[in-house]
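Novice: This is the structure I have questions about; it appears just below.
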Number of protein chains: 2
Amino acid sequence: MRSSFSSASAGGVSATSPGTSSSKSSSAADAAVAASLDAAVHAKAIELSSTLLETCATAGVGNPTVAMAAVHVATTLLYQSMRWDPAAPRARNADRLILSDASHAPLLYAAYADLGVPAFIDGAWRPLAASDLVRFGRGDGPLPASPLPSRLAAIDTATGAAGAGLSLAIGAALAARFDGEERRHFVLIGDGELREGVLFEALAHLAEERLAGVTPVFLVSPLGSGDRAAAVDGTEALGRRLAALGLHVVEIDGHAPARVRAAAEETARRAAANQPTAIIARVVRGWGAKSLQGGAWSGRIPTGDKLRTALEELRASRIGLTRSYGVANSRPTPRAASEASRHDASVKGPSAQIAPLADFARAMREADMTALYQTGRLAPRRAHALALRVLGRAMPELSLLESEARRTLAGELFTADRALAPRAHEFRGAEQHMVLAARGLAASGRMPFVAACARNLLRTHEELLAAAQEGAALRLVATDAGLSAVASGPASTALSDLASLRPLTAIRDASGTPALHILQPSDAYSAYALTLLAASHDGLSLLRLPAGELEFLYTPETEFALGRFEVLVEGRDLLIVTAGAMVHEVNRALDGLDEAGIDATIVDLYSIPFDEEALLDLANRNGGRILVVEDNQGAPIAGAVSEACSASGDGFTLESMCVRTPTVVARTFADALTESQLRAADIVARASRMVGIGA
Amino acid sequence: MRSSFSSASAGGVSATSPGTSSSKSSSAADAAVAASLDAAVHAKAIELSSTLLETCATAGVGNPTVAMAAVHVATTLLYQSMRWDPAAPRARNADRLILSDASHAPLLYAAYADLGVPAFIDGAWRPLAASDLVRFGRGDGPLPASPLPSRLAAIDTATGAAGAGLSLAIGAALAARFDGEERRHFVLIGDGELREGVLFEALAHLAEERLAGVTPVFLVSPLGSGDRAAAVDGTEALGRRLAALGLHVVEIDGHAPARVRAAAEETARRAAANQPTAIIARVVRGWGAKSLQGGAWSGRIPTGDKLRTALEELRASRIGLTRSYGVANSRPTPRAASEASRHDASVKGPSAQIAPLADFARAMREADMTALYQTGRLAPRRAHALALRVLGRAMPELSLLESEARRTLAGELFTADRALAPRAHEFRGAEQHMVLAARGLAASGRMPFVAACARNLLRTHEELLAAAQEGAALRLVATDAGLSAVASGPASTALSDLASLRPLTAIRDASGTPALHILQPSDAYSAYALTLLAASHDGLSLLRLPAGELEFLYTPETEFALGRFEVLVEGRDLLIVTAGAMVHEVNRALDGLDEAGIDATIVDLYSIPFDEEALLDLANRNGGRILVVEDNQGAPIAGAVSEACSASGDGFTLESMCVRTPTVVARTFADALTESQLRAADIVARASRMVGIGA
């Protein structure tokens with residue numbers, strides 16, 4: 001029987017002739033093969049449904065009737081249509097099945113246990129077995145409720161937030177296109193996700209880019225996201241909407257294996273013609289177990305008698321179906337991808353080692369900007385853009401994703417360079433989709449730099465949290481950060497972004513590495529160096545660029561490192577901690593501090609998290625007095641320092657100067673500092689009070 | 001001429017007969033009237049374009065060519081089609097023009113100055129005048145770059161984030177439907193917003209609810225969000241997508257006044273048949289000034305010679321157009337709404353005074369839950385649901401907005417009550433749209449309670465920031481908050497939500513009131529009382545509900561107030577500050593603290609921000625030692641206390657116990673506490689170290 005699977009399967013983009021299994025003109029022999037294939041899928045589907053019901057009942061976790069609705073689609077794709085090797089599902093050329101709705105996880109786990117996909121169990125990789133399914137839903141096991149790539153070889157990116165799967169797949173497909181891989185990405189999308197805005201962002205991007213390697217598969221039941229689907233979410237309206245975007249749409253009975261197979265084949269044929277296709281599968285929640293159908297069982301788990309009844313109904317369905325289709329006499333097996341490779345080594349992050357690159361001065365020279373360089377002041381974003389171009393030329397795996405391509409200088413430099421332009425992606429304001437797609441790119445071995453203005457990154461909080469939890473190697477770039485951005489207008493000012501994202505730096509992976517490093521340049525030199533540093537760190541980082549021009553603070557000799565800080569002035573009375581554009585204002589306070597008789601230490605805390613011990617040592621050498629000066633609302637830098645003080649158990653005096661005004665009215669950085677009482681004179685006054693001088 | 005405007009205008013939902021101005025069979029007299037109307041609009045449009053160009057040039061702020069693209073649409077709607085009175089634009093029955101893209105602000109400001117719409121200038125309301133336009137773009141003036149309702153009577157809700165306008169209008173239209181008002185809401189949507197996911201969420205909701213009182217007007221230029229619009233964002237594809245959602249679509253030349261007028265009339269006719277309509281207007285950026293057309297001018301402001309040339313081109317356009325249409329001999333004037341009312345008093349927040357309501361025990365009795373009440377433990381969310389039902393019955397202005405209706409107990413109680421069911425709205429997973437729509441409802445005088453699980457609220461960070469900045473009176477409810485939610489599965493656990501939102505409590509309005517109050521119940525009594533408290537506060541609050549059942553801590557006599565905290569135990573050695581479900585674990589540490597000889601003070605800090613002086617007084621009475629115990633990542637409560645300590649200038653010893661584990665593995669609250677080292681024993685150990693007892 002095995003060869004017949006090959007002939008019936010779509011075989012990736014090397015599509016077979018049209019209509020192999022669904023054409024009405026197929027011969028009687030073909031019909032017999034198709035019927036036998038159908039019987040095999042039905043038998044396997046019922047086996048997987050029974051397994052997932054028992055798995056959920058044991059774990060007390062899951063949404064089994066929703067998972068059962070996807071059973072024929074997943075079985076047909078995994079066992080017949082997709083070209084992949086269960087021993088190496090992350091091989092570069094292996095087709096992917098990507099979850100969007102985590103409700104489908106127990107179904108995929110049942111299939112992967114059946115197929116022996118490698119899982120990381122008790123410290124080692126070995127094929128997943130049916131006996132492992134009892135671990136479903138445990139956060140520390142191989143089968144958490146939301147699948148993780150670190151635990152199971154068939155998972156590329158962590159599944160979590162509703163509506164995210166298609167974006168992750170688009171990122172993976174963009175990477176495949178760069179690498180010349182012809183793999184296909186099927187995305188299972190549940191009908192509880194149809195109203196997620198980010199899903200629309202992804203669909204529009206898919207249509208614009210004509211990424212035919214991605215096939216969204218919508219599993220639409222009459223129940224929808226509530227008790228009853230709205231007409232606007234029904235298969236008909238959905239099909240019209242997808243078609244209006246320019247996608248080819250195939251609507252099928254999601255429980256008819258032949259239809260699923262034919263749709264996958266049609267997708268492959270259309271892909272060869274660069275036409276992306278969406279599949280809409282009409283499905284039934286709790287398929288095969290009548291007692292579980294209906295809205296009351298959505299989100300609930302049958303146990304005891306209810307479970308026994310459901311399993312009995314599934315058995316009866318199997319007898320009825322195998323009789324009508326003829327008995328399946330073979331165990332369906334997925335077709336191997338042509339080149340097998342190891343699951344745990346197939347896709348690696350880009351090398352963290354960067355060849356020696358041009359230093360800042362040379363980069364400026366090469367960009368004919370020597371005159372500008374000699375003025376002694378430069379916009380940090382300009383130095384960042386230069387660094388990114390230098391990196392882009394040296395590292396073919398680097399891609400630049402931008403919310404609005406024409407907004408950043410880096411984007412302009414990239415698009416102006418013929419070699420780099422194909423690696424610059426514009427996301428037309430769809431920031432949430434962009435961050436998810438970047439995860440897909442990173443999981444496929446590319447190095448995405450992801451840029452948006454700080455204000456717009458606020459709307460990606462959930463996506464950034466997921467990236468941090470997954471340990472995704474994204475290099476985020478926030479432009480127009482802090483008070484220096486007031487000149488660009490109030491709508492682009494974000495003063496709470498750092499406070500909002502700082503908690504993510506507290507998340508650590510198993511090896512204790514912070515999930516996020518926040519890097520804040522204070523001049524062009526540090527912007528250049530910290531961009532290179534972000535590239536060299538194979539993890540999540542956020543480079544937070546101030547707006548406008550700033551004077552040079554550093555020299556080519558200054559070394560920057562993750563978790564380090566720079567002592568600009570060393571004194572003994574008071575430790576002043578600051579970062580970003582505020583470093584300049586603190587420097588301006590030096591004369592006043594001198595006059596007031598205060599011998600202050602000034603630290604540029606350009607990296608968060610930081611070496612807490614070293615900073616507190618410095619504080620202890622300054623009478624235990626710390627003053628944090630920052631242009632943020634919510635005092636996130638002071639919070640980080642405060643936590644370090646608390647954790648040390650020693651006593652420190654910590655004071656914080658930050659933005660406390662409700663709305664910033666000023667139109668220049670200087671005026672905004674005055675308004676927020678963050679001028680040099682304010683710093684001197686506060687320092688004097690702390691050291692016990694003056695009022 | 002004035003009466004002819006009336007006959008040509010659509011007159012709100014009381015539509016005139018079809019085709020008044022655009023029908024080909026109209027008489028010669030009608031044609032003359034239409035031509036004259038067109039000439040009037042052209043003349044006014046060119047006047048407004050000139051004004052906005054000068055306004056932007058003076059301010060150095062704005063995106064004038066994008067604003068010019070909307071000039072005929074806005075002029076026709078404001079001066080001819082809409083039924084409103086410039087002296088009272090927020091009258092309940094007045095039609096609304098709602099901005100989505102803030103780029104259009106200078107255009108509307110020019111029109112409102114021409115029409116004398118009331119603005120809040122130098123401390124008083126008076127009609128806006130042309131001479132006020134020099135204040136455009138100043139954060140403290142009546143005309144900020146992003147319009148604010150507190151500064152200009154024609155603005156219902158603050159404009160800001162891209163893609164938000166339609167959601168705000170939907171909220172306003174839902175409120176109008178409740179109130180039986182037949183006003184219409186036109187939303188100007190720019191072509192830079194077409195990829196915003198939240199816009200799709202709003203369109204789907206509009207289609208599902210058939211809110212025919214809302215008309216999205218898409219202004220689509222060939223330039224799109226970048227240099228060139230993608231085909232998928234073109235008028236044709238956009239029209240197909242909107243039609244696929246079930247909207248009626250009218251595509252017009254956005255610079256032909258008669259077409260705009262006819263489209264508005266058609267919208268009114270369709271609205272009478274409950275059919276929502278979308279208008280797609282093909283527009284030209286920099287219309288009327290050839291030298292400004294083309295992508296290079298997007299986002300740029302002409303000054304000097306460039307400005308003079310553009311103004312000259314506009315003048316030439318006027319001469320050409322008025323000649324072809326006949327000279328307009330009247331100043332177009334909007335048609336007044338039938339009932340005029342004062343702009344600054346027309347729409348008020350619901351009364352903050354709540355009639356005496358059933359206390360918790362009586363509410364339980366009335367819900368036949370006396371037996372449950374007597375067990376001495378209850379899920380806080382159950383008490384919250386009861387409180388919300390009591391409130392809902394007493395306050396007809398209360399609406400419940402839920403991300404997924406069937407997920408919360410409050411939603412179940414609401415939908416089960418015939419009187420309350422019409423006020424329960426399900427948003428099918430579209431949280432961002434939900435928060436924006438709630439602002440629209442609140443601006444129209446309703447009292448929205450907005451519920452989602454804490455994890456899903458993370459994705460609304462930007463929308464919540466905008467609500468806080470506006471001072472919108474939303475009552476947010478976050479369910480499944482903190483470690484107690486681990487039992488509901490990892491996907492629903494949010495441990496960084498409080499850290500992410502706490503900075504918003506630092507934002508103050510002009511009167512010093514915090515922009516956000518975070519309320520954290522620790523038992524059923526406090527959940528009941530804090531729900532009532534949230535209702536009575538006419539501002540933004542977030543009620544953060546723990547999961548699961550908890551023992552009663554309080555009694556019916558306990559009084560809760562904003563900014564207050566409860567001293568559960570008063571000692572003198574150490575102040576322990578905690579909140580939410582963690583209060584129970586701290587209580588459990590009491591015996592151990594006693595044994596260790598520590599006389600601790602325990603505070604339930606149920607409200608943030610809080611009375612800092614009172615808390616620090618208490619700390620001073622406890623040797624200046626503070627231990628914060630919380631089940632959050634990022635230590636937000638410790639951060640709040642730390643800021644208070646810093647601000648006081650006194651020396652305190654502050655230590656923090658929070659969640660530092662990267663991923664929570666446990667499946668029960670108790671196990672999660674153990675895993676995070678937050679058990680009673682851990683608290684005793686840390687307290688002992690702080691007080692200097694033991695190791």
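We label chains A, B, ... in the order they appear in the structure tokens, count residues from 1 in each chain, and number ligands from 1 in the order shown.
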Quick one: residues within 8 Å of region 383-398 of chain A, only C-alpha atoms, excluding same-chain residues fewer than 4 positions away - as a short mmCIF file (atom, residue, chain, number, x, y, z; two decimals) with all heavy atoms, in the first residue's frame?
Specialist:
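Wrote it out as out_39.cif, contents follow:
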```cif
data_model
loop_
_atom_site.label_atom_id
_atom_site.label_comp_id
_atom_site.auth_asym_id
_atom_site.auth_seq_id
_atom_site.Cartn_x
_atom_site.Cartn_y
_atom_site.Cartn_z
N PRO A 350 21.52 31.84 13.99
CA PRO A 350 22.70 32.27 13.28
C PRO A 350 23.89 32.32 14.23
O PRO A 350 23.72 32.49 15.43
CB PRO A 350 22.34 33.66 12.78
CG PRO A 350 21.09 34.04 13.45
CD PRO A 350 20.48 32.85 14.06
N ILE A 354 30.59 37.23 15.08
CA ILE A 354 30.55 38.16 13.97
C ILE A 354 31.98 38.45 13.54
O ILE A 354 32.84 38.71 14.38
CB ILE A 354 29.86 39.47 14.38
CG1 ILE A 354 28.45 39.14 14.87
CG2 ILE A 354 29.82 40.45 13.24
CD1 ILE A 354 27.69 40.32 15.35
N ALA A 355 32.20 38.35 12.26
CA ALA A 355 33.53 38.65 11.75
C ALA A 355 33.89 40.09 12.12
O ALA A 355 33.00 40.92 12.31
CB ALA A 355 33.52 38.49 10.23
N LEU A 357 34.23 43.72 12.12
CA LEU A 357 33.49 44.65 11.27
C LEU A 357 34.13 46.02 11.32
O LEU A 357 34.93 46.32 12.23
CB LEU A 357 32.05 44.75 11.76
CG LEU A 357 31.23 43.48 11.72
CD1 LEU A 357 29.92 43.69 12.43
CD2 LEU A 357 31.00 43.05 10.28
N ALA A 358 33.76 46.83 10.39
CA ALA A 358 34.26 48.21 10.38
C ALA A 358 33.91 48.89 11.69
O ALA A 358 32.80 48.74 12.19
CB ALA A 358 33.61 48.95 9.22
N PHE A 360 33.22 52.36 13.97
CA PHE A 360 32.29 53.45 13.69
C PHE A 360 32.92 54.50 12.76
O PHE A 360 32.33 54.92 11.75
CB PHE A 360 31.87 54.07 15.02
CG PHE A 360 30.91 55.19 14.89
CD1 PHE A 360 29.88 55.16 13.95
CD2 PHE A 360 31.00 56.29 15.73
CE1 PHE A 360 28.98 56.20 13.85
CE2 PHE A 360 30.10 57.33 15.63
CZ PHE A 360 29.10 57.28 14.69
N ALA A 363 33.19 53.21 9.33
CA ALA A 363 31.85 53.13 8.73
C ALA A 363 31.38 54.51 8.27
O ALA A 363 30.80 54.67 7.20
CB ALA A 363 30.86 52.53 9.72
N MET A 364 31.66 55.52 9.08
CA MET A 364 31.28 56.89 8.71
C MET A 364 32.05 57.31 7.46
O MET A 364 31.50 57.93 6.55
CB MET A 364 31.60 57.86 9.86
CG MET A 364 30.72 57.72 11.09
SD MET A 364 29.00 58.30 10.89
CE MET A 364 29.20 60.07 10.86
N LEU A 378 25.88 63.60 16.61
CA LEU A 378 25.22 62.81 15.58
C LEU A 378 24.00 62.14 16.21
O LEU A 378 23.98 61.85 17.41
CB LEU A 378 26.19 61.73 15.09
CG LEU A 378 25.84 61.04 13.77
CD1 LEU A 378 26.11 61.98 12.60
CD2 LEU A 378 26.67 59.77 13.61
N ALA A 379 22.99 61.92 15.38
CA ALA A 379 21.81 61.21 15.88
C ALA A 379 22.18 59.75 16.11
O ALA A 379 22.70 59.10 15.21
CB ALA A 379 20.67 61.31 14.89
N LEU A 409 15.83 55.49 9.38
CA LEU A 409 17.00 55.68 8.57
C LEU A 409 17.57 54.33 8.16
O LEU A 409 18.06 54.16 7.03
CB LEU A 409 18.01 56.45 9.41
CG LEU A 409 19.08 57.19 8.65
CD1 LEU A 409 18.46 58.18 7.69
CD2 LEU A 409 19.97 57.91 9.66
N ALA A 410 17.51 53.37 9.08
CA ALA A 410 18.05 52.04 8.77
C ALA A 410 17.32 51.47 7.56
O ALA A 410 17.94 50.91 6.65
CB ALA A 410 17.89 51.13 9.98
N GLY A 411 16.00 51.64 7.54
CA GLY A 411 15.22 51.14 6.42
C GLY A 411 15.62 51.82 5.13
O GLY A 411 15.71 51.20 4.07
N LEU A 413 18.57 53.13 4.37
CA LEU A 413 19.87 52.63 3.94
C LEU A 413 19.74 51.22 3.34
O LEU A 413 20.37 50.90 2.35
CB LEU A 413 20.85 52.59 5.13
CG LEU A 413 21.32 53.93 5.68
CD1 LEU A 413 22.42 53.72 6.72
CD2 LEU A 413 21.85 54.83 4.56
N PHE A 414 18.90 50.40 3.97
CA PHE A 414 18.73 49.03 3.48
C PHE A 414 18.11 49.03 2.08
O PHE A 414 18.59 48.36 1.18
CB PHE A 414 17.83 48.24 4.44
CG PHE A 414 18.57 47.20 5.21
CD1 PHE A 414 19.53 47.57 6.14
CD2 PHE A 414 18.33 45.84 5.00
CE1 PHE A 414 20.23 46.61 6.84
CE2 PHE A 414 19.03 44.88 5.71
CZ PHE A 414 19.98 45.26 6.63
N ALA A 419 21.96 44.95 -2.57
CA ALA A 419 22.19 43.64 -1.95
C ALA A 419 21.32 43.45 -0.71
O ALA A 419 20.98 42.33 -0.34
CB ALA A 419 23.66 43.49 -1.58
N LEU A 420 20.97 44.54 -0.06
CA LEU A 420 20.23 44.43 1.19
C LEU A 420 18.72 44.57 1.00
O LEU A 420 17.94 44.06 1.82
CB LEU A 420 20.71 45.52 2.17
CG LEU A 420 22.18 45.46 2.58
CD1 LEU A 420 22.53 46.62 3.50
CD2 LEU A 420 22.50 44.13 3.27
N ARG A 423 16.15 42.04 1.75
CA ARG A 423 16.03 41.60 3.14
C ARG A 423 15.36 42.66 4.02
O ARG A 423 15.38 42.54 5.24
CB ARG A 423 17.42 41.26 3.68
CG ARG A 423 18.00 40.01 3.02
CD ARG A 423 19.24 39.57 3.73
NE ARG A 423 20.45 39.97 3.06
CZ ARG A 423 21.57 40.37 3.67
NH1 ARG A 423 21.58 40.46 4.99
NH2 ARG A 423 22.63 40.71 2.99
N GLY A 445 16.19 30.03 11.47
CA GLY A 445 17.62 30.28 11.33
C GLY A 445 18.01 31.65 10.83
O GLY A 445 19.20 31.90 10.58
N ARG A 446 17.06 32.56 10.67
CA ARG A 446 17.43 33.89 10.24
C ARG A 446 17.58 34.82 11.45
O ARG A 446 17.24 34.46 12.58
CB ARG A 446 16.40 34.45 9.24
CG ARG A 446 16.40 33.62 7.94
CD ARG A 446 15.81 34.38 6.78
NE ARG A 446 16.53 35.61 6.52
CZ ARG A 446 17.67 35.70 5.85
NH1 ARG A 446 18.25 34.63 5.37
NH2 ARG A 446 18.24 36.86 5.66
N MET A 447 18.15 36.00 11.21
CA MET A 447 18.41 36.95 12.29
C MET A 447 17.58 38.21 12.05
O MET A 447 18.01 39.14 11.37
CB MET A 447 19.88 37.33 12.32
CG MET A 447 20.22 38.33 13.42
SD MET A 447 21.85 39.09 13.18
CE MET A 447 22.89 37.82 13.88
N PRO A 448 16.36 38.25 12.59
CA PRO A 448 15.52 39.42 12.35
C PRO A 448 15.82 40.58 13.30
O PRO A 448 15.83 40.41 14.51
CB PRO A 448 14.10 38.90 12.57
CG PRO A 448 14.26 37.70 13.44
CD PRO A 448 15.64 37.17 13.26
N PHE A 449 16.08 41.76 12.72
CA PHE A 449 16.02 43.02 13.45
C PHE A 449 14.62 43.59 13.20
O PHE A 449 14.18 43.67 12.05
CB PHE A 449 17.09 44.00 12.94
CG PHE A 449 18.40 43.90 13.66
CD1 PHE A 449 19.30 42.89 13.34
CD2 PHE A 449 18.73 44.79 14.67
CE1 PHE A 449 20.51 42.78 14.01
CE2 PHE A 449 19.95 44.70 15.35
CZ PHE A 449 20.84 43.68 15.02
N ALA A 524 26.19 58.41 19.57
CA ALA A 524 26.33 57.66 18.33
C ALA A 524 27.28 56.47 18.50
O ALA A 524 27.04 55.39 17.97
CB ALA A 524 26.82 58.59 17.22
N TYR A 525 28.36 56.67 19.27
CA TYR A 525 29.30 55.57 19.48
C TYR A 525 28.60 54.37 20.12
O TYR A 525 28.74 53.23 19.70
CB TYR A 525 30.46 56.01 20.38
CG TYR A 525 31.57 56.70 19.64
CD1 TYR A 525 31.76 58.07 19.76
CD2 TYR A 525 32.42 55.97 18.82
CE1 TYR A 525 32.78 58.71 19.07
CE2 TYR A 525 33.45 56.61 18.13
CZ TYR A 525 33.62 57.97 18.26
OH TYR A 525 34.62 58.59 17.58
N ALA A 527 25.43 53.79 20.24
CA ALA A 527 24.38 53.26 19.35
C ALA A 527 24.99 52.28 18.36
O ALA A 527 24.43 51.21 18.08
CB ALA A 527 23.67 54.39 18.62
N TYR A 528 26.16 52.64 17.84
CA TYR A 528 26.85 51.76 16.90
C TYR A 528 27.27 50.46 17.60
O TYR A 528 26.97 49.35 17.14
CB TYR A 528 28.08 52.48 16.34
CG TYR A 528 28.73 51.79 15.17
CD1 TYR A 528 28.34 52.08 13.86
CD2 TYR A 528 29.75 50.87 15.37
CE1 TYR A 528 28.93 51.45 12.79
CE2 TYR A 528 30.35 50.22 14.30
CZ TYR A 528 29.94 50.53 13.00
OH TYR A 528 30.53 49.90 11.94
N ALA A 529 27.91 50.62 18.76
CA ALA A 529 28.44 49.45 19.47
C ALA A 529 27.32 48.55 19.99
O ALA A 529 27.42 47.32 19.92
CB ALA A 529 29.32 49.92 20.63
N THR A 531 24.35 48.18 18.77
CA THR A 531 23.72 47.47 17.65
C THR A 531 24.53 46.21 17.33
O THR A 531 23.96 45.12 17.13
CB THR A 531 23.63 48.38 16.41
OG1 THR A 531 22.92 49.57 16.76
CG2 THR A 531 22.93 47.68 15.26
N LEU A 532 25.85 46.36 17.29
CA LEU A 532 26.71 45.20 17.06
C LEU A 532 26.53 44.18 18.20
O LEU A 532 26.51 42.96 17.97
CB LEU A 532 28.17 45.63 16.97
CG LEU A 532 28.74 45.92 15.58
CD1 LEU A 532 27.83 46.77 14.72
CD2 LEU A 532 30.12 46.55 15.66
N ALA A 535 23.40 42.21 17.80
CA ALA A 535 23.55 41.18 16.76
C ALA A 535 24.32 39.98 17.29
O ALA A 535 24.00 38.83 16.97
CB ALA A 535 24.27 41.78 15.54
#
```
Novice: Identify all chain A residues at most 6 Å from chain B by counting only C-alpha atoms; ligands do not count. Present them as a ChimeraX atom specification.
Specialist: /A:139-140,195-198,200-201,225,232,237,240-241,244-245,428,430,458-459,461-462,500,503,507-509,634,639,646,651,653-655,662,665
Novice: I'd like the contact shell of region 567-571 of chain A - 10 Å cut-off, only C-alpha atoms, skipping same-chain residues fewer than 4 positions apart - returned as number ranges by chain.
Specialist: A: 553-554, 575-577, 583, 587, 590, 598-605, 615, 618, 621-622
Novice: Tell me which protein, DNA and RNA residues are within 10 Å of Ala478 (chain B), counting only C-alpha atoms, leaving out same-chain ones fewer than 5 positions away, and put them as a list in words.
Specialist: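 Returned residues: Arg381, Val450, Ala451, Ala452, Cys453, Ala454, Arg455, Asn456, Leu457, Asp497, Gln520, Leu542, Leu543, Arg544, Leu545 and Pro546 of chain B.
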